[in-house]
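**Q** Got a file for you: target-v9.pdb, PDB, C-alpha atoms.
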```pdb
ATOM      1  CA  MET A 973      12.430 -11.047 -31.457
ATOM      2  CA  ALA A 974      10.443  -8.950 -28.967
ATOM      3  CA  VAL A 975      10.942  -9.471 -25.248
ATOM      4  CA  ARG A 976       8.025 -11.516 -23.909
ATOM      5  CA  ILE A 977       6.370 -10.426 -20.657
ATOM      6  CA  ALA A 978       3.981 -12.664 -18.688
ATOM      7  CA  PHE A 979       1.702 -10.145 -16.983
ATOM      8  CA  PHE A 980      -0.084 -11.568 -13.934
ATOM      9  CA  ASP A 981      -3.111 -10.351 -11.962
ATOM     10  CA  THR A 982      -4.370  -8.288 -14.904
ATOM     11  CA  LYS A 983      -7.297  -5.913 -14.491
ATOM     12  CA  SER A 984      -8.877  -3.935 -17.337
ATOM     13  CA  TYR A 985      -7.192  -0.712 -16.213
ATOM     14  CA  ASP A 986      -3.780  -2.440 -16.197
ATOM     15  CA  ARG A 987      -4.199  -3.573 -19.763
ATOM     16  CA  GLU A 988      -5.400  -0.170 -20.954
ATOM     17  CA  SER A 989      -2.517   1.736 -19.382
ATOM     18  CA  PHE A 990       0.212  -0.757 -20.379
ATOM     19  CA  ASP A 991      -1.079  -1.168 -23.931
ATOM     20  CA  ALA A 992      -1.056   2.601 -24.400
ATOM     21  CA  ILE A 993       2.529   2.944 -23.158
ATOM     22  CA  ASN A 994       3.782  -0.249 -24.859
ATOM     23  CA  LYS A 995       3.274   1.390 -28.270
ATOM     24  CA  ASP A 996       6.622   3.070 -27.581
ATOM     25  CA  TYR A 997       8.357  -0.171 -26.502
ATOM     26  CA  ASN A 998       6.793  -2.939 -28.639
ATOM     27  CA  PHE A 999       7.190  -5.714 -26.077
ATOM     28  CA  ASP A1000       5.202  -8.945 -26.427
ATOM     29  CA  ILE A1001       2.913  -8.761 -23.374
ATOM     30  CA  ARG A1002       0.779 -11.790 -22.528
ATOM     31  CA  TYR A1003      -1.910 -10.848 -19.994
ATOM     32  CA  TYR A1004      -3.249 -13.287 -17.392
ATOM     33  CA  LYS A1005      -6.014 -12.682 -14.849
ATOM     34  CA  GLU A1006      -4.424 -15.093 -12.373
ATOM     35  CA  ARG A1007      -2.033 -14.004  -9.614
ATOM     36  CA  LEU A1008       1.421 -15.530  -9.714
ATOM     37  CA  SER A1009       1.645 -18.594  -7.454
ATOM     38  CA  MET A1010       2.853 -22.187  -7.607
ATOM     39  CA  ALA A1011      -0.427 -23.086  -9.302
ATOM     40  CA  THR A1012      -0.094 -20.441 -12.021
ATOM     41  CA  VAL A1013       3.683 -20.274 -12.562
ATOM     42  CA  PRO A1014       3.484 -22.553 -15.658
ATOM     43  CA  LEU A1015       1.900 -19.591 -17.467
ATOM     44  CA  ALA A1016       5.335 -17.921 -17.362
ATOM     45  CA  LYS A1017       6.937 -20.625 -19.501
ATOM     46  CA  GLY A1018       8.572 -19.045 -22.540
ATOM     47  CA  ALA A1019       8.543 -15.540 -21.032
ATOM     48  CA  ASP A1020      11.674 -13.481 -20.431
ATOM     49  CA  VAL A1021      10.000 -11.314 -17.792
ATOM     50  CA  VAL A1022       7.132 -11.706 -15.332
ATOM     51  CA  CYS A1023       5.250  -8.600 -14.229
ATOM     52  CA  ILE A1024       3.538  -8.960 -10.844
ATOM     53  CA  PHE A1025       1.614  -6.905  -8.287
ATOM     54  CA  VAL A1026       1.312  -6.674  -4.503
ATOM     55  CA  ASN A1027      -0.469  -9.974  -3.804
ATOM     56  CA  ALA A1028       1.654 -12.268  -5.976
ATOM     57  CA  GLU A1029       3.206 -15.263  -4.226
ATOM     58  CA  CYS A1030       6.853 -15.155  -5.185
ATOM     59  CA  ASP A1031       8.535 -17.396  -2.638
ATOM     60  CA  ALA A1032      11.569 -19.639  -3.145
ATOM     61  CA  GLN A1033       9.544 -22.425  -4.788
ATOM     62  CA  VAL A1034       7.969 -20.053  -7.299
ATOM     63  CA  ILE A1035      11.351 -18.496  -8.064
ATOM     64  CA  ASP A1036      12.836 -21.956  -8.661
ATOM     65  CA  GLU A1037      10.082 -22.613 -11.208
ATOM     66  CA  LEU A1038      10.530 -19.225 -12.865
ATOM     67  CA  VAL A1039      14.241 -19.900 -13.299
ATOM     68  CA  ARG A1040      13.506 -23.358 -14.718
ATOM     69  CA  ASN A1041      11.054 -21.750 -17.153
ATOM     70  CA  GLY A1042      13.727 -19.352 -18.399
ATOM     71  CA  VAL A1043      12.448 -16.162 -16.763
ATOM     72  CA  LYS A1044      15.266 -13.700 -16.136
ATOM     73  CA  LEU A1045      13.500 -10.675 -14.623
ATOM     74  CA  ILE A1046      10.718 -10.128 -12.079
ATOM     75  CA  ALA A1047       9.246  -6.661 -12.693
ATOM     76  CA  LEU A1048       7.081  -5.533  -9.795
ATOM     77  CA  ARG A1049       4.594  -2.856 -10.821
ATOM     78  CA  CYS A1050       4.435  -1.546  -7.255
ATOM     79  CA  ALA A1051       6.790  -0.076  -4.680
ATOM     80  CA  GLY A1052       6.756  -2.866  -2.100
ATOM     81  CA  PHE A1053       8.689  -6.089  -2.609
ATOM     82  CA  ASN A1054       8.048  -7.968   0.642
ATOM     83  CA  ASN A1055       6.273 -10.741  -1.298
ATOM     84  CA  VAL A1056       9.452 -11.661  -3.209
ATOM     85  CA  ASP A1057      12.065 -13.950  -1.668
ATOM     86  CA  LEU A1058      15.121 -11.882  -2.546
ATOM     87  CA  LYS A1059      17.534 -14.433  -1.102
ATOM     88  CA  ALA A1060      16.161 -17.101  -3.410
ATOM     89  CA  ALA A1061      16.366 -14.682  -6.348
ATOM     90  CA  GLU A1062      19.915 -13.482  -5.685
ATOM     91  CA  GLY A1063      22.269 -14.290  -8.539
ATOM     92  CA  ARG A1064      19.555 -16.199 -10.406
ATOM     93  CA  ILE A1065      16.811 -13.792 -11.404
ATOM     94  CA  ARG A1066      16.776 -10.007 -11.204
ATOM     95  CA  VAL A1067      14.048  -7.967  -9.519
ATOM     96  CA  THR A1068      12.866  -4.429 -10.224
ATOM     97  CA  ARG A1069      10.105  -2.303  -8.742
ATOM     98  CA  VAL A1070       8.390   1.072  -9.174
ATOM     99  CA  PRO A1071       9.764   3.128  -6.285
ATOM    100  CA  ALA A1072       7.659   6.268  -6.757
ATOM    101  CA  TYR A1073       4.667   5.972  -9.072
ATOM    102  CA  SER A1074       2.790   8.841  -7.398
ATOM    103  CA  PRO A1075       3.645   9.924  -3.868
ATOM    104  CA  HIS A1076       0.934  12.578  -4.251
ATOM    105  CA  ALA A1077      -1.790   9.989  -4.856
ATOM    106  CA  VAL A1078      -1.095   8.003  -1.689
ATOM    107  CA  ALA A1079      -0.465  11.052   0.502
ATOM    108  CA  GLU A1080      -3.678  12.711  -0.634
ATOM    109  CA  TYR A1081      -5.601   9.502   0.004
ATOM    110  CA  ALA A1082      -4.203   9.278   3.535
ATOM    111  CA  VAL A1083      -5.566  12.776   4.161
ATOM    112  CA  ALA A1084      -8.916  11.743   2.665
ATOM    113  CA  LEU A1085      -9.106   8.893   5.185
ATOM    114  CA  MET A1086      -8.250  11.276   8.036
ATOM    115  CA  LEU A1087     -10.955  13.766   7.063
ATOM    116  CA  SER A1088     -13.562  11.070   6.413
ATOM    117  CA  LEU A1089     -12.998   9.588   9.852
ATOM    118  CA  ASN A1090     -12.712  12.870  11.708
ATOM    119  CA  ARG A1091     -15.796  14.528  10.202
ATOM    120  CA  LYS A1092     -17.792  11.256   9.884
ATOM    121  CA  ILE A1093     -18.425  12.012   6.207
ATOM    122  CA  TYR A1094     -19.216   8.384   5.318
ATOM    123  CA  ARG A1095     -21.844   8.210   8.088
ATOM    124  CA  ALA A1096     -23.319  11.598   7.164
ATOM    125  CA  VAL A1097     -23.786  10.572   3.526
ATOM    126  CA  ASN A1098     -25.575   7.357   4.512
ATOM    127  CA  ARG A1099     -27.827   9.284   6.918
ATOM    128  CA  THR A1100     -28.862  12.000   4.512
ATOM    129  CA  ARG A1101     -29.668   9.438   1.830
ATOM    130  CA  ASP A1102     -32.164   7.990   4.327
ATOM    131  CA  GLY A1103     -33.592  11.444   5.031
ATOM    132  CA  ASN A1104     -31.866  11.774   8.434
ATOM    133  CA  PHE A1105     -30.327  15.236   8.775
ATOM    134  CA  LYS A1106     -29.438  15.159  12.479
ATOM    135  CA  LEU A1107     -25.897  16.103  13.529
ATOM    136  CA  LYS A1108     -25.757  13.974  16.670
ATOM    137  CA  GLY A1109     -22.856  11.510  16.470
ATOM    138  CA  LEU A1110     -21.041  13.441  13.745
ATOM    139  CA  LEU A1111     -18.869  15.659  15.949
ATOM    140  CA  GLY A1112     -15.279  16.014  14.746
ATOM    141  CA  PHE A1113     -12.272  18.118  15.716
ATOM    142  CA  ASP A1114     -10.144  20.794  14.094
ATOM    143  CA  MET A1115      -7.068  19.311  12.456
ATOM    144  CA  TYR A1116      -5.382  22.678  13.020
ATOM    145  CA  GLY A1117      -3.186  22.561  16.098
ATOM    146  CA  LYS A1118      -3.346  18.773  16.497
ATOM    147  CA  THR A1119      -0.270  16.529  16.344
ATOM    148  CA  ALA A1120       0.377  14.053  13.540
ATOM    149  CA  GLY A1121       2.868  11.230  14.011
ATOM    150  CA  ILE A1122       4.381   9.933  10.773
ATOM    151  CA  ILE A1123       6.191   6.585  10.866
ATOM    152  CA  GLY A1124       8.662   6.471   7.997
ATOM    153  CA  MET A1125       9.727   9.563   6.069
ATOM    154  CA  GLY A1126      10.089   8.484   2.462
ATOM    155  CA  ARG A1127       8.613  10.210  -0.593
ATOM    156  CA  ILE A1128       4.961   9.541   0.261
ATOM    157  CA  ALA A1129       5.409  10.622   3.862
ATOM    158  CA  LYS A1130       7.108  13.843   2.769
ATOM    159  CA  GLU A1131       4.148  14.721   0.549
ATOM    160  CA  LEU A1132       1.815  13.990   3.463
ATOM    161  CA  ILE A1133       3.910  16.173   5.765
ATOM    162  CA  ARG A1134       3.666  19.068   3.280
ATOM    163  CA  ILE A1135      -0.138  18.764   3.280
ATOM    164  CA  LEU A1136      -0.491  18.448   7.062
ATOM    165  CA  HIS A1137       1.920  21.335   7.563
ATOM    166  CA  GLY A1138      -0.493  23.379   5.444
ATOM    167  CA  PHE A1139      -3.303  22.384   7.814
ATOM    168  CA  GLY A1140      -1.342  23.942  10.675
ATOM    169  CA  MET A1141      -0.689  20.630  12.417
ATOM    170  CA  SER A1142       2.315  19.902  14.618
ATOM    171  CA  ILE A1143       4.260  17.009  13.116
ATOM    172  CA  MET A1144       6.459  14.364  14.686
ATOM    173  CA  ALA A1145       8.175  11.686  12.636
ATOM    174  CA  TYR A1146      10.241   8.558  13.125
ATOM    175  CA  ASP A1147      12.668   7.235  10.540
ATOM    176  CA  LEU A1148      15.818   5.141  10.793
ATOM    177  CA  TYR A1149      17.590   7.494   8.374
ATOM    178  CA  PRO A1150      15.886  10.873   8.788
ATOM    179  CA  ASP A1151      16.193  13.713   6.303
ATOM    180  CA  GLU A1152      17.137  16.429   8.783
ATOM    181  CA  ASP A1153      17.050  19.246   6.210
ATOM    182  CA  PHE A1154      13.498  18.380   5.180
ATOM    183  CA  ALA A1155      12.472  18.068   8.820
ATOM    184  CA  ARG A1156      13.793  21.551   9.603
ATOM    185  CA  GLN A1157      12.088  23.034   6.544
ATOM    186  CA  TYR A1158       8.649  21.807   7.638
ATOM    187  CA  GLY A1159       9.096  22.017  11.389
ATOM    188  CA  VAL A1160       9.047  18.245  11.842
ATOM    189  CA  ARG A1161      10.321  16.972  15.167
ATOM    190  CA  MET A1162      12.239  13.708  14.753
ATOM    191  CA  VAL A1163      11.511  11.448  17.719
ATOM    192  CA  GLN A1164      11.648   7.833  18.839
ATOM    193  CA  LEU A1165       8.568   5.658  18.479
ATOM    194  CA  ASP A1166       7.489   5.761  22.112
ATOM    195  CA  GLU A1167       7.382   9.571  22.082
ATOM    196  CA  LEU A1168       5.497   9.531  18.785
ATOM    197  CA  TYR A1169       2.947   7.079  20.163
ATOM    198  CA  ALA A1170       2.379   9.077  23.329
ATOM    199  CA  GLY A1171       2.039  12.484  21.691
ATOM    200  CA  SER A1172       0.138  11.940  18.427
ATOM    201  CA  ASP A1173      -3.536  12.592  17.795
ATOM    202  CA  VAL A1174      -3.195  10.962  14.361
ATOM    203  CA  ILE A1175      -0.634   8.292  13.424
ATOM    204  CA  SER A1176       0.007   7.463   9.763
ATOM    205  CA  LEU A1177       2.144   4.518   8.631
ATOM    206  CA  HIS A1178       4.568   4.979   5.726
ATOM    207  CA  CYS A1179       7.369   2.512   6.415
ATOM    208  CA  PRO A1180       8.148  -0.602   4.342
ATOM    209  CA  LEU A1181       7.102  -4.036   5.552
ATOM    210  CA  THR A1182      10.187  -5.837   6.851
ATOM    211  CA  ASP A1183      10.903  -8.348   9.597
ATOM    212  CA  GLY A1184      11.500  -5.354  11.858
ATOM    213  CA  THR A1185       8.227  -3.569  11.057
ATOM    214  CA  LYS A1186       5.859  -6.548  10.816
ATOM    215  CA  PHE A1187       3.030  -5.954  13.320
ATOM    216  CA  LEU A1188       4.648  -2.696  14.401
ATOM    217  CA  ILE A1189       1.205  -1.651  15.618
ATOM    218  CA  ASN A1190       0.247  -4.216  18.245
ATOM    219  CA  LYS A1191      -1.229  -4.358  21.745
ATOM    220  CA  ASP A1192       1.986  -3.052  23.320
ATOM    221  CA  SER A1193       2.412  -0.079  20.981
ATOM    222  CA  ILE A1194      -1.321   0.714  21.125
ATOM    223  CA  ALA A1195      -1.123   0.829  24.940
ATOM    224  CA  LYS A1196       1.516   3.585  24.638
ATOM    225  CA  MET A1197      -0.684   5.768  22.412
ATOM    226  CA  LYS A1198      -2.810   8.730  23.365
ATOM    227  CA  LYS A1199      -6.339   7.558  24.172
ATOM    228  CA  GLY A1200      -8.616   8.069  21.188
ATOM    229  CA  VAL A1201      -5.798   8.141  18.618
ATOM    230  CA  MET A1202      -6.615   7.882  14.917
ATOM    231  CA  ILE A1203      -4.525   5.303  13.016
ATOM    232  CA  ILE A1204      -4.079   5.491   9.225
ATOM    233  CA  ASN A1205      -2.486   2.726   7.135
ATOM    234  CA  THR A1206      -1.970   3.128   3.390
ATOM    235  CA  GLY A1207       1.212   1.011   3.406
ATOM    236  CA  ARG A1208       1.085  -2.727   4.006
ATOM    237  CA  GLY A1209      -1.525  -4.677   5.960
ATOM    238  CA  LYS A1210       0.905  -6.569   8.135
ATOM    239  CA  LEU A1211       2.252  -3.385   9.679
ATOM    240  CA  ILE A1212      -0.790  -3.742  11.971
ATOM    241  CA  HIS A1213      -1.805  -6.740  14.077
ATOM    242  CA  THR A1214      -5.497  -6.545  13.230
ATOM    243  CA  GLU A1215      -6.823  -8.436  16.268
ATOM    244  CA  ASP A1216      -4.930  -6.030  18.536
ATOM    245  CA  LEU A1217      -6.294  -3.059  16.602
ATOM    246  CA  ILE A1218      -9.854  -4.355  17.000
ATOM    247  CA  GLU A1219      -9.320  -4.719  20.743
ATOM    248  CA  GLY A1220      -7.951  -1.169  20.867
ATOM    249  CA  LEU A1221     -11.053   0.073  19.048
ATOM    250  CA  ARG A1222     -13.320  -1.897  21.382
ATOM    251  CA  THR A1223     -11.762  -0.350  24.489
ATOM    252  CA  LYS A1224     -11.689   3.123  22.843
ATOM    253  CA  GLN A1225      -7.910   3.329  23.279
ATOM    254  CA  VAL A1226      -7.993   3.725  19.491
ATOM    255  CA  GLY A1227     -10.635   6.242  18.463
ATOM    256  CA  SER A1228     -10.762   5.386  14.764
ATOM    257  CA  ALA A1229      -8.858   3.659  11.984
ATOM    258  CA  GLY A1230      -8.529   4.360   8.275
ATOM    259  CA  LEU A1231      -7.215   1.291   6.467
ATOM    260  CA  ASP A1232      -6.521   0.951   2.767
ATOM    261  CA  VAL A1233      -4.745  -2.363   3.378
ATOM    262  CA  TYR A1234      -5.419  -5.500   5.406
ATOM    263  CA  GLU A1235      -3.049  -8.233   6.520
ATOM    264  CA  GLU A1236      -5.002 -11.015   4.764
ATOM    265  CA  GLU A1237      -6.215  -8.928   1.838
ATOM    266  CA  LYS A1238      -5.120 -11.140  -1.052
ATOM    267  CA  ASN A1239      -8.242 -13.317  -0.855
ATOM    268  CA  TYR A1240     -10.575 -10.318  -1.121
ATOM    269  CA  PHE A1241      -9.030  -7.114  -2.431
ATOM    270  CA  TYR A1242      -9.334  -6.186  -6.126
ATOM    271  CA  GLU A1243     -12.224  -8.627  -6.612
ATOM    272  CA  ASP A1244     -16.013  -8.312  -6.452
ATOM    273  CA  ARG A1245     -17.135 -10.424  -3.485
ATOM    274  CA  SER A1246     -20.505  -8.718  -3.034
ATOM    275  CA  ASP A1247     -22.469 -11.882  -3.793
ATOM    276  CA  LYS A1248     -20.498 -14.044  -1.360
ATOM    277  CA  MET A1249     -20.354 -14.300   2.400
ATOM    278  CA  ILE A1250     -17.139 -12.969   3.943
ATOM    279  CA  ASP A1251     -15.706 -15.955   5.791
ATOM    280  CA  ASP A1252     -12.838 -13.999   7.358
ATOM    281  CA  ASP A1253     -14.195 -13.177  10.818
ATOM    282  CA  VAL A1254     -11.549 -10.531  11.488
ATOM    283  CA  LEU A1255     -12.301  -8.676   8.272
ATOM    284  CA  ALA A1256     -16.039  -8.983   8.919
ATOM    285  CA  ARG A1257     -15.632  -7.393  12.366
ATOM    286  CA  LEU A1258     -13.643  -4.496  10.929
ATOM    287  CA  LEU A1259     -16.322  -3.842   8.317
ATOM    288  CA  MET A1260     -19.002  -3.698  11.027
ATOM    289  CA  MET A1261     -17.246  -1.033  13.101
ATOM    290  CA  PRO A1262     -18.697   2.476  12.670
ATOM    291  CA  ASN A1263     -15.345   4.151  13.413
ATOM    292  CA  VAL A1264     -13.384   2.211  10.766
ATOM    293  CA  VAL A1265     -13.051   3.142   7.102
ATOM    294  CA  LEU A1266     -11.640   0.220   5.134
ATOM    295  CA  THR A1267     -10.983   0.435   1.410
ATOM    296  CA  SER A1268      -9.541  -1.961  -1.127
ATOM    297  CA  HIS A1269      -5.884  -0.891  -1.527
ATOM    298  CA  GLN A1270      -6.825   1.997  -3.804
ATOM    299  CA  ALA A1271      -4.637   4.813  -2.484
ATOM    300  CA  PHE A1272      -2.353   4.539  -5.537
ATOM    301  CA  PHE A1273      -5.250   4.481  -8.004
ATOM    302  CA  THR A1274      -5.045   7.661 -10.071
ATOM    303  CA  LYS A1275      -4.603   8.191 -13.804
ATOM    304  CA  GLU A1276      -1.202   9.703 -13.195
ATOM    305  CA  ALA A1277      -0.056   6.788 -11.051
ATOM    306  CA  LEU A1278      -1.150   4.155 -13.586
ATOM    307  CA  HIS A1279       0.729   6.024 -16.319
ATOM    308  CA  ASN A1280       3.873   6.273 -14.179
ATOM    309  CA  ILE A1281       3.683   2.594 -13.193
ATOM    310  CA  ALA A1282       3.536   1.506 -16.833
ATOM    311  CA  VAL A1283       6.381   3.791 -17.906
ATOM    312  CA  SER A1284       8.659   2.841 -15.016
ATOM    313  CA  THR A1285       7.975  -0.898 -15.383
ATOM    314  CA  LEU A1286       8.578  -0.944 -19.129
ATOM    315  CA  ASP A1287      11.661   1.249 -18.734
ATOM    316  CA  SER A1288      13.078  -1.437 -16.441
ATOM    317  CA  VAL A1289      12.314  -4.123 -19.015
ATOM    318  CA  ARG A1290      13.996  -2.093 -21.745
ATOM    319  CA  GLU A1291      17.094  -1.536 -19.591
ATOM    320  CA  PHE A1292      17.203  -5.277 -18.997
ATOM    321  CA  ALA A1293      16.765  -6.099 -22.710
ATOM    322  CA  GLU A1294      19.549  -3.677 -23.668
ATOM    323  CA  GLY A1295      21.937  -4.977 -21.019
ATOM    324  CA  LYS A1296      22.015  -1.659 -19.170
ATOM    325  CA  PRO A1297      22.167  -1.168 -15.367
ATOM    326  CA  LEU A1298      18.691  -1.515 -13.866
ATOM    327  CA  THR A1299      17.808   1.852 -12.340
ATOM    328  CA  CYS A1300      15.017   0.414 -10.152
ATOM    329  CA  GLU A1301      16.623  -2.898  -9.242
ATOM    330  CA  VAL A1302      15.895  -4.312  -5.799
ATOM    331  CA  ARG A1303      19.050  -5.515  -4.118
TER
END
```
Using structure tokens, write down the structure that the file contains.
**A**
Amino acid sequence: MAVRIAFFDTKSYDRESFDAINKDYNFDIRYYKERLSMATVPLAKGADVVCIFVNAECDAQVIDELVRNGVKLIALRCAGFNNVDLKAAEGRIRVTRVPAYSPHAVAEYAVALMLSLNRKIYRAVNRTRDGNFKLKGLLGFDMYGKTAGIIGMGRIAKELIRILHGFGMSIMAYDLYPDEDFARQYGVRMVQLDELYAGSDVISLHCPLTDGTKFLINKDSIAKMKKGVMIINTGRGKLIHTEDLIEGLRTKQVGSAGLDVYEEEKNYFYEDRSDKMIDDDVLARLLMMPNVVLTSHQAFFTKEALHNIAVSTLDSVREFAEGKPLTCEVR
């Protein structure tokens, strides 16, 4: 009998990519539009595996229900796992993730945000569509010779460093477990956070969301930054305290921000809300700011990444079904 997967938070592109890859696995995938939560967990009854994404609610209560329903594996189709209560899952239900679906996709998107903000491309496009071809207000700066501060130096950050090195930027990085050989190869100076804050023209966040990194960017860290700094976040929304970021933008301590994530994104991102009023005042203020580019958690969204996500996720399910060690298990 085929392994049954309850697939939550399904979008059309998820189904297309997983159905194409599942021809080689022949799992019984049941797709649901709903996100996993206490309200939707009954949909997992009878499944061996649940497949979830970044905004699923997988706390201790949900895990208790999954176990009661006979689910034995939580397969995250993303890299982050901060939304899963690993303590509650330990010894009861196994957890896998996709550690590297496409470092290139996210790194390239981070650069796209930098260039869009720096050269005011989004404002220029809106102007020219209205017949306004003035250059006033569109002044940028050369990336060449500027300093980028990279927080976290995992696979995505390394791809970003390669790109920025090609731009001729000076690069500083902070990581708890730095790859010194890589740093030497690309001329990266490993520093502590305070030095990174003080010396960076652009700061890009690439660390996981943990208790230690939650609201890493806050009023205190912003005060230590170079005035007019550009902040890029393609990681997790709660790495930044959004109210403090808005205040930094208001006072011009922060010059601009490129955000592909938002700390309260689950009520908005991946859905069409264009016909509804945004009742999140913080999000509404961000969207009104001319020096903020905010997108809907799309940095990962390339054909290659979707293919890799499906392959890696279904590989984990097959390893589980065959009783093999789980290569991408979260411990």
**Q** Tell me which protein, DNA and RNA residues are within 12 Å of Asp1251 (chain A), counting all atoms listed in the file, leaving out same-chain ones fewer than 5 positions away, and put them as a list in words.
**A**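 Non-adjacent residues within range: Glu1236, Asn1239, Tyr1240, Arg1245, Ala1256 and Arg1257 of chain A.
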**Q** Find the spatial neighbours of Arg1303 (chain A), counting all atoms listed in the file, within a cut-off of 12 Å - ignore same-chain residues fewer than 5 positions away - and output them as a list in words.
**A**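 The filter keeps Phe1053, Val1056, Asp1057, Leu1058, Lys1059, Ala1060, Ala1061, Glu1062, Gly1063, Ile1065, Arg1066, Val1067, Thr1068, Arg1069 and Leu1298 of chain A.
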**Q** Which residue gives the smallest distance to Gly1121 (chain A) among A:Leu1168, A:Ile1135, A:Leu1107, A:Val1097, with all atoms listed in the file counted?
**A**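 Selected residue with least distance to Gly1121 (chain A): A:Leu1168.
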**Q** Using the chain letters and numbers from the file, give me the residues hit by the PyMOL selection byres ((chain A and resi 1148) around 9), as an mmCIF file with C-alpha atoms, in the frame of the given file.
**A**
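Heads up, here's the output in selection_14.cif:
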```cif
data_model
loop_
_atom_site.group_PDB
_atom_site.id
_atom_site.type_symbol
_atom_site.label_atom_id
_atom_site.label_comp_id
_atom_site.auth_asym_id
_atom_site.auth_seq_id
_atom_site.Cartn_x
_atom_site.Cartn_y
_atom_site.Cartn_z
ATOM 1 C CA GLY A 1124 8.662 6.471 7.997
ATOM 2 C CA MET A 1125 9.727 9.563 6.069
ATOM 3 C CA TYR A 1146 10.241 8.558 13.125
ATOM 4 C CA ASP A 1147 12.668 7.235 10.540
ATOM 5 C CA TYR A 1149 17.590 7.494 8.374
ATOM 6 C CA PRO A 1150 15.886 10.873 8.788
#
```
**Q** Suppose you want the space between CA of Thr1185 (chain A) and CA of Leu1211 (chain A); what is it in Å?
**A**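 So the two atoms, CA of Thr1185 (chain A) and CA of Leu1211 (chain A), lie 6.1 Å apart.
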**Q** Using all atoms listed in the file for the distances, tell me which of A:Leu1048, A:Leu1258, A:Ile1204, A:Leu1110 is nearest to Glu1219 (chain A).
**A**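 Ranking A:Leu1048, A:Leu1258, A:Ile1204, A:Leu1110 by distance to Glu1219 (chain A), first place goes to A:Leu1258.
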**Q** Here's the selection I'm unsure about, the PyMOL selection byres ((chain A and resi 1155) around 12); applied to the file above, which residues does it give, as a ChimeraX atom specification?
**A** /A:1122,1125-1126,1129-1130,1133-1134,1137,1142-1147,1149-1154,1156-1163
**Q** Keeping only C-alpha atoms, write those residues as a CSV table (one decimal), keeping the file's coordinate frame.
**A**
```
chain,number,residue,atom,x,y,z
A,1122,ILE,CA,4.4,9.9,10.8
A,1125,MET,CA,9.7,9.6,6.1
A,1126,GLY,CA,10.1,8.5,2.5
A,1129,ALA,CA,5.4,10.6,3.9
A,1130,LYS,CA,7.1,13.8,2.8
A,1133,ILE,CA,3.9,16.2,5.8
A,1134,ARG,CA,3.7,19.1,3.3
A,1137,HIS,CA,1.9,21.3,7.6
A,1142,SER,CA,2.3,19.9,14.6
A,1143,ILE,CA,4.3,17.0,13.1
A,1144,MET,CA,6.5,14.4,14.7
A,1145,ALA,CA,8.2,11.7,12.6
A,1146,TYR,CA,10.2,8.6,13.1
A,1147,ASP,CA,12.7,7.2,10.5
A,1149,TYR,CA,17.6,7.5,8.4
A,1150,PRO,CA,15.9,10.9,8.8
A,1151,ASP,CA,16.2,13.7,6.3
A,1152,GLU,CA,17.1,16.4,8.8
A,1153,ASP,CA,17.0,19.2,6.2
A,1154,PHE,CA,13.5,18.4,5.2
A,1156,ARG,CA,13.8,21.6,9.6
A,1157,GLN,CA,12.1,23.0,6.5
A,1158,TYR,CA,8.6,21.8,7.6
A,1159,GLY,CA,9.1,22.0,11.4
A,1160,VAL,CA,9.0,18.2,11.8
A,1161,ARG,CA,10.3,17.0,15.2
A,1162,MET,CA,12.2,13.7,14.8
A,1163,VAL,CA,11.5,11.4,17.7
```
**Q** Which residues, written as an NGL selection string, have at least one atom at most 8 Å from region 1021-1024 of chain A, with all atoms listed in the file counted and residues fewer than 3 positions away on the same chain left out?
**A** :A and (975-981 or 1007-1008 or 1016 or 1028 or 1043-1049 or 1289)
**Q** Go through A:Gly1117, A:Asn1104, A:Cys1030, A:Ile993 and flag the residue nearest Ala1011 (chain A), using all atoms listed in the file for the distances.
**A**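 Among A:Gly1117, A:Asn1104, A:Cys1030, A:Ile993, it is A:Cys1030 that comes nearest to Ala1011 (chain A).
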**Q** Pick out the closest residue to Lys1118 (chain A) from this set: A:Gly1171, A:Ala1271, A:Leu1165, A:Ile1218. Count all atoms listed in the file.
**A**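 Distance minimum relative to Lys1118 (chain A) lands on A:Gly1171.
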**Q** Under the rule that all atoms listed in the file are counted, which of A:Ala1293, A:Ala1195, A:Asp1287, A:Ile1123 is the nearest residue to Ile1175 (chain A)?
**A**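 Distance minimum relative to Ile1175 (chain A) lands on A:Ile1123.
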**Q** Tell me which of A:Asp1192, A:Glu1291, A:Asp1000, A:Asp1183 sits closest to Ala1019 (chain A), counting only C-alpha atoms.
**A**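 Under the stated criterion, the closest residue is A:Asp1000.
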**Q** Using only C-alpha atoms, which protein or nucleic acid residues come within 10 Å of Leu1181 (chain A)? Drop anything in the same chain fewer than 2 positions from it, and give the result as a list in words.
**A**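 Once the nearby chain positions are removed, what remains is Gly1052, Phe1053, Asn1054, Asn1055, His1178, Cys1179, Asp1183, Gly1184, Thr1185, Lys1186, Phe1187, Leu1188, Gly1207, Arg1208, Gly1209, Lys1210 and Leu1211 of chain A.
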**Q** Just to confirm, what's the straight-line distance from CA of Asn1027 (chain A) to CA of Phe999 (chain A) in Å (one decimal)?
**A**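 Taking CA of Asn1027 (chain A) and CA of Phe999 (chain A), their separation equals 23.9 Å.
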**Q** Taking (-10.2, 4.6, 6.9) in the file's coordinates, which residues come within 6 Å, counting only C-alpha atoms, written as an MDAnalysis selection string?
**A** chainID A and resid 1085 1229:1231 1264:1266
**Q** Around region 1029-1047 of chain A, with edges along x, y and z and 6 Å added on all six sides, what centre and edge lengths do you get, in Å to one decimal, as JSON?
**A**
```
{"center_x": 9.2, "center_y": -15.0, "center_z": -10.5, "size_x": 24.1, "size_y": 28.7, "size_z": 27.8}
```
